[in-house]
$ cat entry_30.pdb   # PDB, C-alpha atoms, pLDDT in the B column
ATOM      1  CA  MET A 304      95.872  70.897  81.905  1.00 80.00           C
ATOM      2  CA  GLY A 305      93.418  72.128  84.526  1.00 84.00           C
ATOM      3  CA  SER A 306      94.105  69.280  86.930  1.00 89.00           C
ATOM      4  CA  PHE A 307      97.870  69.772  86.624  1.00 89.00           C
ATOM      5  CA  LEU A 308      97.538  73.457  87.456  1.00 90.00           C
ATOM      6  CA  LEU A 309      95.278  72.641  90.407  1.00 92.00           C
ATOM      7  CA  THR A 310      97.859  70.146  91.689  1.00 93.00           C
ATOM      8  CA  ALA A 311     100.578  72.789  91.402  1.00 92.00           C
ATOM      9  CA  ALA A 312      98.343  75.251  93.296  1.00 93.00           C
ATOM     10  CA  GLY A 313      97.894  72.636  96.033  1.00 94.00           C
ATOM     11  CA  LEU A 314     101.665  72.175  96.296  1.00 93.00           C
ATOM     12  CA  VAL A 315     102.257  75.917  96.623  1.00 93.00           C
ATOM     13  CA  LEU A 316      99.444  76.043  99.203  1.00 94.00           C
ATOM     14  CA  ALA A 317     101.255  73.341 101.192  1.00 93.00           C
ATOM     15  CA  MET A 318     104.402  75.512 101.117  1.00 91.00           C
ATOM     16  CA  ALA A 319     102.398  78.480 102.444  1.00 91.00           C
ATOM     17  CA  ALA A 320     101.088  76.219 105.228  1.00 92.00           C
ATOM     18  CA  LEU A 321     104.668  75.195 106.091  1.00 91.00           C
ATOM     19  CA  GLY A 322     105.479  78.892 106.403  1.00 89.00           C
ATOM     20  CA  LEU A 323     103.023  78.981 109.319  1.00 91.00           C
ATOM     21  CA  VAL A 324     105.497  76.782 111.249  1.00 90.00           C
ATOM     22  CA  ARG A 325     108.010  79.643 111.128  1.00 88.00           C
ATOM     23  CA  ILE A 326     105.316  82.064 112.340  1.00 88.00           C
ATOM     24  CA  LEU A 327     104.620  79.693 115.248  1.00 89.00           C
ATOM     25  CA  HIS A 328     108.263  79.258 116.314  1.00 85.00           C
ATOM     26  CA  GLY A 329     109.540  82.767 115.613  1.00 76.00           C
ATOM     27  CA  PRO A 330     111.810  83.337 117.433  1.00 81.00           C
ATOM     28  CA  ARG A 331     111.642  87.081 116.642  1.00 81.00           C
ATOM     29  CA  ASP A 332     109.003  89.305 115.103  1.00 81.00           C
ATOM     30  CA  ALA A 333     111.187  89.806 112.019  1.00 83.00           C
ATOM     31  CA  ASP A 334     111.156  86.044 111.330  1.00 86.00           C
ATOM     32  CA  ARG A 335     107.366  86.007 111.543  1.00 87.00           C
ATOM     33  CA  MET A 336     107.214  88.971 109.165  1.00 87.00           C
ATOM     34  CA  ILE A 337     109.430  87.170 106.636  1.00 88.00           C
ATOM     35  CA  ALA A 338     107.101  84.166 106.838  1.00 90.00           C
ATOM     36  CA  ALA A 339     104.153  86.498 106.210  1.00 89.00           C
ATOM     37  CA  GLN A 340     105.972  87.713 103.096  1.00 89.00           C
ATOM     38  CA  LEU A 341     106.309  84.085 101.971  1.00 90.00           C
ATOM     39  CA  ILE A 342     102.572  83.585 102.411  1.00 91.00           C
ATOM     40  CA  GLY A 343     101.895  86.718 100.370  1.00 91.00           C
ATOM     41  CA  THR A 344     104.055  85.527  97.466  1.00 91.00           C
ATOM     42  CA  CYS A 345     102.584  82.013  97.678  1.00 93.00           C
ATOM     43  CA  GLY A 346      99.082  83.489  97.696  1.00 93.00           C
ATOM     44  CA  VAL A 347      99.761  85.418  94.490  1.00 93.00           C
ATOM     45  CA  ALA A 348     101.096  82.255  92.817  1.00 93.00           C
ATOM     46  CA  ILE A 349      98.105  80.180  94.014  1.00 94.00           C
ATOM     47  CA  LEU A 350      95.613  82.743  92.695  1.00 94.00           C
ATOM     48  CA  LEU A 351      97.371  82.953  89.309  1.00 93.00           C
ATOM     49  CA  LEU A 352      97.372  79.146  89.036  1.00 93.00           C
ATOM     50  CA  LEU A 353      93.689  78.993  89.996  1.00 93.00           C
ATOM     51  CA  ALA A 354      92.831  81.684  87.457  1.00 92.00           C
ATOM     52  CA  ALA A 355      94.481  79.637  84.698  1.00 91.00           C
ATOM     53  CA  ALA A 356      93.091  76.292  85.906  1.00 90.00           C
ATOM     54  CA  THR A 357      89.448  77.404  86.142  1.00 90.00           C
ATOM     55  CA  GLU A 358      89.744  79.900  83.244  1.00 86.00           C
ATOM     56  CA  ALA A 359      88.278  82.563  85.517  1.00 86.00           C
ATOM     57  CA  THR A 360      90.453  85.505  84.478  1.00 86.00           C
ATOM     58  CA  PRO A 361      89.052  87.974  87.081  1.00 89.00           C
ATOM     59  CA  ILE A 362      90.953  86.018  89.770  1.00 91.00           C
ATOM     60  CA  THR A 363      94.079  87.618  88.266  1.00 91.00           C
ATOM     61  CA  ASP A 364      92.883  90.965  89.636  1.00 92.00           C
ATOM     62  CA  VAL A 365      92.570  89.406  93.097  1.00 93.00           C
ATOM     63  CA  ALA A 366      96.216  88.315  92.819  1.00 92.00           C
ATOM     64  CA  LEU A 367      97.202  91.890  91.940  1.00 92.00           C
ATOM     65  CA  ILE A 368      95.367  93.231  95.017  1.00 93.00           C
ATOM     66  CA  LEU A 369      97.018  90.601  97.238  1.00 92.00           C
ATOM     67  CA  ALA A 370     100.472  91.602  95.952  1.00 91.00           C
ATOM     68  CA  LEU A 371      99.632  95.229  96.738  1.00 91.00           C
ATOM     69  CA  LEU A 372      98.436  94.451 100.276  1.00 91.00           C
ATOM     70  CA  ALA A 373     101.482  92.246 100.973  1.00 88.00           C
ATOM     71  CA  ALA A 374     103.685  95.264 100.238  1.00 87.00           C
ATOM     72  CA  PHE A 375     101.801  97.431 102.739  1.00 89.00           C
ATOM     73  CA  VAL A 376     102.017  94.775 105.469  1.00 87.00           C
ATOM     74  CA  SER A 377     105.819  95.029 105.585  1.00 85.00           C
ATOM     75  CA  VAL A 378     105.722  98.830 105.710  1.00 86.00           C
ATOM     76  CA  ALA A 379     103.210  98.676 108.578  1.00 87.00           C
ATOM     77  CA  PHE A 380     105.444  96.192 110.420  1.00 84.00           C
ATOM     78  CA  VAL A 381     108.534  98.370 110.148  1.00 82.00           C
ATOM     79  CA  ARG A 382     106.630 101.490 111.226  1.00 81.00           C
ATOM     80  CA  GLY A 383     104.963  99.672 114.107  1.00 78.00           C
ATOM     81  CA  ALA A 384     106.393  96.535 115.677  1.00 61.00           C
ATOM     82  CA  ALA A 385     110.094  97.066 114.901  1.00 50.00           C
ATOM     83  CA  GLY A 386     109.965 100.661 116.065  1.00 53.00           C
ATOM     84  CA  SER A 387     108.342  99.846 119.386  1.00 54.00           C
ATOM     85  CA  SER A 388     110.905  97.137 120.220  1.00 51.00           C
ATOM     86  CA  ALA A 389     113.762  99.678 119.956  1.00 48.00           C
ATOM     87  CA  PRO A 390     112.132 102.874 121.254  1.00 47.00           C
ATOM     88  CA  GLY A 391     115.390 104.796 121.709  1.00 46.00           C
ATOM     89  CA  GLN A 392     116.582 104.476 118.136  1.00 46.00           C
ATOM     90  CA  ALA A 393     113.321 104.281 116.257  1.00 43.00           C
ATOM     91  CA  ASP A 394     112.538 107.978 116.328  1.00 45.00           C
ATOM     92  CA  HIS A 395     116.085 108.835 115.317  1.00 45.00           C
ATOM     93  CA  ASP A 396     116.025 106.554 112.290  1.00 46.00           C
ATOM     94  CA  ARG A 397     112.707 107.836 111.063  1.00 44.00           C
TER      95      ARG A 397
ATOM     96  CA  MET B1157     101.257  73.646  68.542  1.00 71.00           C
ATOM     97  CA  THR B1158      98.886  73.420  71.499  1.00 83.00           C
ATOM     98  CA  ARG B1159     100.859  70.433  72.754  1.00 85.00           C
ATOM     99  CA  ALA B1160     104.098  72.416  72.662  1.00 85.00           C
ATOM    100  CA  LEU B1161     102.506  75.310  74.567  1.00 86.00           C
ATOM    101  CA  ASP B1162     101.174  72.874  77.183  1.00 87.00           C
ATOM    102  CA  LEU B1163     104.643  71.401  77.597  1.00 90.00           C
ATOM    103  CA  LEU B1164     106.008  74.927  78.122  1.00 90.00           C
ATOM    104  CA  THR B1165     103.364  75.492  80.800  1.00 90.00           C
ATOM    105  CA  ILE B1166     104.164  72.213  82.546  1.00 91.00           C
ATOM    106  CA  ALA B1167     107.895  72.946  82.498  1.00 92.00           C
ATOM    107  CA  GLY B1168     107.513  76.508  83.786  1.00 93.00           C
ATOM    108  CA  VAL B1169     105.005  75.719  86.527  1.00 92.00           C
ATOM    109  CA  SER B1170     106.983  72.674  87.702  1.00 93.00           C
ATOM    110  CA  ALA B1171     110.205  74.695  87.922  1.00 94.00           C
ATOM    111  CA  GLY B1172     108.333  77.446  89.778  1.00 93.00           C
ATOM    112  CA  CYS B1173     106.949  74.935  92.293  1.00 93.00           C
ATOM    113  CA  PHE B1174     110.486  73.611  92.834  1.00 93.00           C
ATOM    114  CA  PHE B1175     111.736  77.074  93.729  1.00 93.00           C
ATOM    115  CA  PHE B1176     108.795  77.632  96.081  1.00 93.00           C
ATOM    116  CA  VAL B1177     109.721  74.382  97.856  1.00 93.00           C
ATOM    117  CA  ALA B1178     113.362  75.525  98.030  1.00 92.00           C
ATOM    118  CA  GLY B1179     112.354  78.893  99.485  1.00 91.00           C
ATOM    119  CA  THR B1180     110.186  77.308 102.165  1.00 91.00           C
ATOM    120  CA  VAL B1181     112.908  74.827 103.125  1.00 91.00           C
ATOM    121  CA  GLY B1182     115.327  77.742 103.444  1.00 89.00           C
ATOM    122  CA  LEU B1183     112.849  79.650 105.600  1.00 89.00           C
ATOM    123  CA  LEU B1184     112.478  76.693 107.927  1.00 89.00           C
ATOM    124  CA  ARG B1185     116.113  75.549 108.067  1.00 88.00           C
ATOM    125  CA  PHE B1186     118.302  78.672 108.011  1.00 87.00           C
ATOM    126  CA  PRO B1187     119.588  79.929 111.370  1.00 86.00           C
ATOM    127  CA  ASP B1188     118.734  83.654 111.547  1.00 84.00           C
ATOM    128  CA  ALA B1189     116.487  86.335 110.119  1.00 83.00           C
ATOM    129  CA  LEU B1190     118.822  87.713 107.441  1.00 85.00           C
ATOM    130  CA  THR B1191     119.699  84.309 105.970  1.00 87.00           C
ATOM    131  CA  ARG B1192     116.017  83.371 105.981  1.00 88.00           C
ATOM    132  CA  MET B1193     115.239  86.523 104.058  1.00 88.00           C
ATOM    133  CA  HIS B1194     118.071  85.722 101.654  1.00 88.00           C
ATOM    134  CA  ALA B1195     116.543  82.298 100.945  1.00 86.00           C
ATOM    135  CA  LEU B1196     113.012  83.587 100.683  1.00 87.00           C
ATOM    136  CA  THR B1197     113.254  86.682  98.493  1.00 88.00           C
ATOM    137  CA  LYS B1198     115.383  85.103  95.786  1.00 89.00           C
ATOM    138  CA  ALA B1199     113.766  81.697  95.597  1.00 90.00           C
ATOM    139  CA  ASP B1200     110.184  82.907  95.885  1.00 90.00           C
ATOM    140  CA  ASN B1201     110.417  85.646  93.296  1.00 91.00           C
ATOM    141  CA  LEU B1202     112.153  83.294  90.881  1.00 92.00           C
ATOM    142  CA  GLY B1203     109.414  80.722  91.526  1.00 93.00           C
ATOM    143  CA  LEU B1204     106.676  83.290  90.919  1.00 93.00           C
ATOM    144  CA  GLY B1205     108.447  84.428  87.752  1.00 93.00           C
ATOM    145  CA  LEU B1206     108.699  80.881  86.420  1.00 94.00           C
ATOM    146  CA  ILE B1207     105.033  80.213  87.199  1.00 93.00           C
ATOM    147  CA  VAL B1208     104.041  83.415  85.376  1.00 93.00           C
ATOM    148  CA  LEU B1209     106.281  82.382  82.464  1.00 92.00           C
ATOM    149  CA  GLY B1210     104.570  78.988  82.412  1.00 92.00           C
ATOM    150  CA  LEU B1211     101.083  80.518  82.529  1.00 91.00           C
ATOM    151  CA  LEU B1212     101.732  82.976  79.675  1.00 91.00           C
ATOM    152  CA  PRO B1213     100.843  80.399  76.942  1.00 89.00           C
ATOM    153  CA  GLN B1214      97.506  79.807  78.701  1.00 86.00           C
ATOM    154  CA  ALA B1215      96.647  83.528  78.866  1.00 84.00           C
ATOM    155  CA  ALA B1216      93.339  84.625  77.329  1.00 79.00           C
ATOM    156  CA  GLY B1217      94.910  87.364  75.232  1.00 85.00           C
ATOM    157  CA  LEU B1218      97.713  89.887  74.978  1.00 90.00           C
ATOM    158  CA  GLY B1219      96.178  92.112  77.653  1.00 89.00           C
ATOM    159  CA  HIS B1220      95.883  89.260  80.107  1.00 89.00           C
ATOM    160  CA  ALA B1221      99.455  88.165  79.431  1.00 91.00           C
ATOM    161  CA  LEU B1222     100.696  91.711  80.030  1.00 93.00           C
ATOM    162  CA  LYS B1223      98.748  91.799  83.289  1.00 92.00           C
ATOM    163  CA  LEU B1224     100.461  88.591  84.436  1.00 91.00           C
ATOM    164  CA  VAL B1225     103.881  90.063  83.686  1.00 92.00           C
ATOM    165  CA  ALA B1226     102.885  93.308  85.448  1.00 93.00           C
ATOM    166  CA  ILE B1227     101.899  91.355  88.581  1.00 93.00           C
ATOM    167  CA  TRP B1228     105.280  89.627  88.568  1.00 92.00           C
ATOM    168  CA  LEU B1229     107.162  92.918  88.131  1.00 93.00           C
ATOM    169  CA  PHE B1230     105.141  94.482  90.930  1.00 92.00           C
ATOM    170  CA  ALA B1231     105.868  91.524  93.210  1.00 91.00           C
ATOM    171  CA  GLN B1232     109.600  91.936  92.418  1.00 91.00           C
ATOM    172  CA  ILE B1233     109.642  95.637  93.283  1.00 92.00           C
ATOM    173  CA  SER B1234     107.535  95.322  96.425  1.00 91.00           C
ATOM    174  CA  SER B1235     109.584  92.345  97.635  1.00 90.00           C
ATOM    175  CA  ALA B1236     112.822  94.293  97.168  1.00 89.00           C
ATOM    176  CA  VAL B1237     111.492  97.283  99.104  1.00 89.00           C
ATOM    177  CA  ALA B1238     109.972  95.142 101.870  1.00 88.00           C
ATOM    178  CA  SER B1239     113.198  93.158 102.291  1.00 89.00           C
ATOM    179  CA  GLN B1240     115.228  96.351 102.635  1.00 88.00           C
ATOM    180  CA  LEU B1241     112.794  97.687 105.237  1.00 86.00           C
ATOM    181  CA  ILE B1242     112.719  94.483 107.313  1.00 85.00           C
ATOM    182  CA  ALA B1243     116.493  94.008 107.103  1.00 85.00           C
ATOM    183  CA  GLY B1244     116.959  97.620 108.221  1.00 83.00           C
ATOM    184  CA  ALA B1245     114.675  97.008 111.192  1.00 82.00           C
ATOM    185  CA  VAL B1246     116.600  93.832 112.055  1.00 81.00           C
ATOM    186  CA  LEU B1247     119.948  95.639 111.922  1.00 80.00           C
ATOM    187  CA  ARG B1248     118.734  98.576 114.008  1.00 77.00           C
ATOM    188  CA  ASN B1249     117.600  96.139 116.675  1.00 72.00           C
ATOM    189  CA  ARG B1250     120.553  93.743 116.780  1.00 65.00           C
ATOM    190  CA  SER B1251     118.912  91.389 119.253  1.00 58.00           C
ATOM    191  CA  ALA B1252     116.359  90.551 116.561  1.00 49.00           C
ATOM    192  CA  ILE B1253     119.013  88.565 114.679  1.00 49.00           C
ATOM    193  CA  TRP B1254     120.190  86.094 117.318  1.00 51.00           C
ATOM    194  CA  PRO B1255     117.466  84.575 119.466  1.00 50.00           C
TER     195      PRO B1255
END
$ encode --input "entry_30.pdb" --output "C-alpha coordinates"
Amino acid sequence: MGSFLLTAAGLVLAMAALGLVRILHGPRDADRMIAAQLIGTCGVAILLLLAAATEATPITDVALILALLAAFVSVAFVRGAAGSSAPGQADHDR
Amino acid sequence: MTRALDLLTIAGVSAGCFFFVAGTVGLLRFPDALTRMHALTKADNLGLGLIVLGLLPQAAGLGHALKLVAIWLFAQISSAVASQLIAGAVLRNRSAIWP
(Lines of atoms letter the chains of each structure in order from A and count residues from 1; the text may use other names and numbers.)
(Lines give C-alpha, C1' and ligand atoms only; values in the text may rest on other atoms or scores of the structure.)
Protein backbone atom coordinates (compact mmCIF):
# COMPACT_ATOMS: atom_id res chain seq x y z
CA MET A 1 0.00 0.00 0.00
CA GLY A 2 2.85 2.38 0.78
CA SER A 3 4.35 2.19 -2.69
CA PHE A 4 0.97 2.82 -4.32
CA LEU A 5 0.44 5.92 -2.21
CA LEU A 6 3.96 7.13 -3.02
CA THR A 7 3.26 6.65 -6.74
CA ALA A 8 0.04 8.65 -6.41
CA ALA A 9 1.98 11.40 -4.58
CA GLY A 10 4.49 11.45 -7.44
CA LEU A 11 1.68 11.82 -9.98
CA VAL A 12 0.14 14.74 -8.09
CA LEU A 13 3.62 16.27 -7.79
CA ALA A 14 3.96 16.04 -11.58
CA MET A 15 0.64 17.92 -11.91
CA ALA A 16 1.95 20.65 -9.58
CA ALA A 17 5.08 20.86 -11.76
CA LEU A 18 2.89 21.24 -14.87
CA GLY A 19 1.18 24.14 -13.12
CA LEU A 20 4.54 25.93 -13.22
CA VAL A 21 4.15 26.10 -17.03
CA ARG A 22 1.11 28.34 -16.54
CA ILE A 23 3.10 30.52 -14.12
CA LEU A 24 5.82 30.83 -16.78
CA HIS A 25 3.49 31.77 -19.65
CA GLY A 26 0.97 33.88 -17.75
CA PRO A 27 -0.21 35.87 -19.61
CA ARG A 28 -1.66 37.89 -16.69
CA ASP A 29 -0.95 38.00 -12.98
CA ALA A 30 -4.36 36.46 -12.26
CA ASP A 31 -3.44 33.36 -14.30
CA ARG A 32 -0.23 32.97 -12.31
CA MET A 33 -2.19 33.33 -9.08
CA ILE A 34 -4.63 30.59 -10.14
CA ALA A 35 -1.65 28.34 -10.87
CA ALA A 36 -0.29 29.12 -7.40
CA GLN A 37 -3.65 28.01 -6.00
CA LEU A 38 -3.29 24.74 -7.92
CA ILE A 39 0.14 24.20 -6.39
CA GLY A 40 -1.29 24.85 -2.93
CA THR A 41 -4.05 22.26 -3.37
CA CYS A 42 -1.61 19.77 -4.91
CA GLY A 43 0.79 20.34 -2.02
CA VAL A 44 -1.91 19.51 0.52
CA ALA A 45 -2.77 16.30 -1.37
CA ILE A 46 0.91 15.30 -1.66
CA LEU A 47 1.50 15.82 2.07
CA LEU A 48 -1.62 13.81 3.00
CA LEU A 49 -0.51 10.97 0.70
CA LEU A 50 3.01 11.05 2.16
CA ALA A 51 1.63 11.01 5.70
CA ALA A 52 -0.37 7.86 4.91
CA ALA A 53 2.43 6.20 2.91
CA THR A 54 5.16 6.65 5.53
CA GLU A 55 2.74 6.39 8.49
CA ALA A 56 4.15 9.64 9.83
CA THR A 57 0.93 11.25 11.04
CA PRO A 58 2.51 14.62 12.04
CA ILE A 59 2.86 15.41 8.31
CA THR A 60 -0.93 15.88 8.38
CA ASP A 61 -0.38 19.01 10.48
CA VAL A 62 2.02 20.33 7.83
CA ALA A 63 -0.74 19.87 5.24
CA LEU A 64 -3.12 21.86 7.45
CA ILE A 65 -0.59 24.72 7.71
CA LEU A 66 -0.04 24.68 3.94
CA ALA A 67 -3.80 24.93 3.32
CA LEU A 68 -3.91 27.90 5.71
CA LEU A 69 -1.00 29.69 4.02
CA ALA A 70 -2.45 29.06 0.53
CA ALA A 71 -5.58 30.94 1.62
CA PHE A 72 -3.55 33.96 2.75
CA VAL A 73 -1.57 34.07 -0.51
CA SER A 74 -4.71 34.83 -2.53
CA VAL A 75 -5.80 37.55 -0.10
CA ALA A 76 -2.34 39.13 -0.31
CA PHE A 77 -2.49 39.01 -4.12
CA VAL A 78 -5.85 40.74 -4.30
CA ARG A 79 -4.79 43.42 -1.80
CA GLY A 80 -1.47 43.96 -3.55
CA ALA A 81 -0.88 43.08 -7.19
CA ALA A 82 -4.45 43.40 -8.51
CA GLY A 83 -4.95 46.71 -6.74
CA SER A 84 -1.79 48.26 -8.11
CA SER A 85 -2.61 47.31 -11.71
CA ALA A 86 -5.90 49.28 -11.54
CA PRO A 87 -4.98 52.20 -9.26
CA GLY A 88 -8.05 54.29 -10.09
CA GLN A 89 -10.62 51.71 -9.08
CA ALA A 90 -8.78 49.81 -6.40
CA ASP A 91 -9.30 52.33 -3.63
CA HIS A 92 -12.97 52.68 -4.53
CA ASP A 93 -13.61 48.95 -4.36
CA ARG A 94 -11.90 48.53 -1.04
CA MET B 1 -11.64 -6.80 5.78
CA THR B 2 -8.22 -5.19 5.41
CA ARG B 3 -8.28 -6.11 1.73
CA ALA B 4 -11.61 -4.36 1.24
CA LEU B 5 -10.34 -1.22 2.98
CA ASP B 6 -7.22 -1.25 0.79
CA LEU B 7 -9.39 -1.51 -2.31
CA LEU B 8 -11.40 1.49 -1.09
CA THR B 9 -8.14 3.42 -0.66
CA ILE B 10 -6.91 2.48 -4.13
CA ALA B 11 -10.22 3.46 -5.72
CA GLY B 12 -10.45 6.79 -3.89
CA VAL B 13 -6.84 7.84 -4.44
CA SER B 14 -6.92 6.82 -8.12
CA ALA B 15 -10.10 8.81 -8.74
CA GLY B 16 -8.58 11.79 -6.90
CA CYS B 17 -5.44 11.63 -9.06
CA PHE B 18 -7.65 11.56 -12.17
CA PHE B 19 -9.37 14.77 -11.12
CA PHE B 20 -6.03 16.43 -10.35
CA VAL B 21 -4.89 15.54 -13.89
CA ALA B 22 -8.16 16.95 -15.28
CA GLY B 23 -7.73 20.18 -13.32
CA THR B 24 -4.17 20.68 -14.54
CA VAL B 25 -5.14 20.00 -18.15
CA GLY B 26 -7.92 22.58 -17.80
CA LEU B 27 -5.48 25.09 -16.33
CA LEU B 28 -3.11 24.63 -19.24
CA ARG B 29 -5.65 24.42 -22.08
CA PHE B 30 -8.48 26.85 -21.27
CA PRO B 31 -8.35 30.26 -22.95
CA ASP B 32 -8.77 32.86 -20.18
CA ALA B 33 -8.48 33.42 -16.45
CA LEU B 34 -12.11 32.80 -15.46
CA THR B 35 -12.42 29.51 -17.36
CA ARG B 36 -9.10 28.38 -15.91
CA MET B 37 -10.39 29.11 -12.45
CA HIS B 38 -13.59 27.23 -13.28
CA ALA B 39 -11.57 24.14 -14.25
CA LEU B 40 -9.22 24.38 -11.31
CA THR B 41 -11.46 25.02 -8.31
CA LYS B 42 -13.98 22.30 -9.09
CA ALA B 43 -11.64 19.58 -10.27
CA ASP B 44 -8.97 20.14 -7.64
CA ASN B 45 -11.27 20.25 -4.66
CA LEU B 46 -13.08 17.14 -5.86
CA GLY B 47 -9.70 15.44 -6.32
CA LEU B 48 -8.58 16.43 -2.83
CA GLY B 49 -11.90 15.23 -1.42
CA LEU B 50 -11.59 11.85 -3.14
CA ILE B 51 -8.00 11.45 -1.93
CA VAL B 52 -9.09 12.25 1.64
CA LEU B 53 -11.97 9.78 1.26
CA GLY B 54 -9.50 7.15 0.06
CA LEU B 55 -7.08 7.83 2.93
CA LEU B 56 -9.77 7.61 5.65
CA PRO B 57 -9.50 3.77 5.93
CA GLN B 58 -5.74 4.16 6.49
CA ALA B 59 -6.17 6.74 9.27
CA ALA B 60 -4.54 5.98 12.63
CA GLY B 61 -7.71 6.61 14.61
CA LEU B 62 -10.94 8.57 14.79
CA GLY B 63 -9.14 11.80 15.67
CA HIS B 64 -6.81 11.50 12.72
CA ALA B 65 -9.70 10.75 10.37
CA LEU B 66 -11.58 13.80 11.64
CA LYS B 67 -8.46 15.90 11.07
CA LEU B 68 -8.28 14.71 7.45
CA VAL B 69 -11.91 15.66 6.88
CA ALA B 70 -11.31 19.03 8.59
CA ILE B 71 -8.39 19.75 6.25
CA TRP B 72 -10.60 18.99 3.25
CA LEU B 73 -13.41 21.23 4.54
CA PHE B 74 -10.94 24.02 5.20
CA ALA B 75 -9.49 23.67 1.70
CA GLN B 76 -13.06 23.90 0.30
CA ILE B 77 -13.88 27.09 2.19
CA SER B 78 -10.56 28.80 1.52
CA SER B 79 -10.70 27.86 -2.17
CA ALA B 80 -14.20 29.32 -2.49
CA VAL B 81 -13.16 32.59 -0.85
CA ALA B 82 -9.91 32.85 -2.82
CA SER B 83 -11.71 32.20 -6.12
CA GLN B 84 -14.24 34.93 -5.39
CA LEU B 85 -11.45 37.37 -4.54
CA ILE B 86 -9.36 36.60 -7.64
CA ALA B 87 -12.40 36.63 -9.95
CA GLY B 88 -13.42 39.99 -8.48
CA ALA B 89 -9.94 41.36 -9.16
CA VAL B 90 -10.08 40.02 -12.72
CA LEU B 91 -13.47 41.63 -13.36
CA ARG B 92 -12.43 44.98 -11.90
CA ASN B 93 -9.45 45.02 -14.23
CA ARG B 94 -11.04 43.82 -17.47
CA SER B 95 -7.76 43.71 -19.37
CA ALA B 96 -6.68 40.88 -17.06
CA ILE B 97 -9.10 38.53 -18.83
CA TRP B 98 -8.01 38.83 -22.46
CA PRO B 99 -4.27 38.92 -23.04
$ closest_residue --input "entry_30.pdb" --among "B:Ala1245, B:Ala1171, B:Asp1162, B:Met1193" --to "Asp334 (chain A)" --atoms "only C-alpha atoms"
B:Met1193
$ interface_residues --input "entry_30.pdb" --of "chain A" --to "chain B" --cutoff "7 Å" --atoms "all atoms listed in the file" --output "PyMOL selection string"
chain A and resi 311+315+318+322+325+330-331+333-334+337+341+344+348+355+367+370+374+377-378+381+385+389
$ closest_residue --input "entry_30.pdb" --among "A:Ala359, A:Ala339, A:Leu352, A:Cys345" --to "Val376 (chain A)" --atoms "only C-alpha atoms"
A:Ala339
$ atom_distance --input "entry_30.pdb" --atom1 "CA of Ala312 (chain A)" --atom2 "CA of Thr357 (chain A)"
11.6 Å
$ atom_distance --input "entry_30.pdb" --atom1 "CA of Ala1221 (chain B)" --atom2 "CA of Thr360 (chain A)"
10.7 Å
$ atom_distance --input "entry_30.pdb" --atom1 "CA of Leu1161 (chain B)" --atom2 "CA of Gly346 (chain A)"
24.8 Å
$ axis_aligned_box --input "entry_30.pdb" --around "region 1236-1241 of chain B" --padding-each-side "8 Å" --output "AutoDock Vina command-line options"
--center_x 112.6 --center_y 95.4 --center_z 101.2 --size_x 21.3 --size_y 20.5 --size_z 24.1
$ closest_residue --input "entry_30.pdb" --among "B:Gly1182, B:Pro1213, B:Gly1168, B:Gly1219" --to "His1194 (chain B)" --atoms "all atoms listed in the file"
B:Gly1182
$ closest_residue --input "entry_30.pdb" --among "A:Met304, A:Ala317, A:Leu353, A:Gly343" --to "Leu371 (chain A)" --atoms "all atoms listed in the file"
A:Gly343
$ closest_residue --input "entry_30.pdb" --among "A:Ala320, A:Met336, A:Leu327, A:Leu309" --to "Ala373 (chain A)" --atoms "all atoms listed in the file"
A:Met336
$ closest_residue --input "entry_30.pdb" --among "A:Ala319, A:Asp332, A:Gln340, A:Thr310" --to "Phe375 (chain A)" --atoms "only C-alpha atoms"
A:Gln340
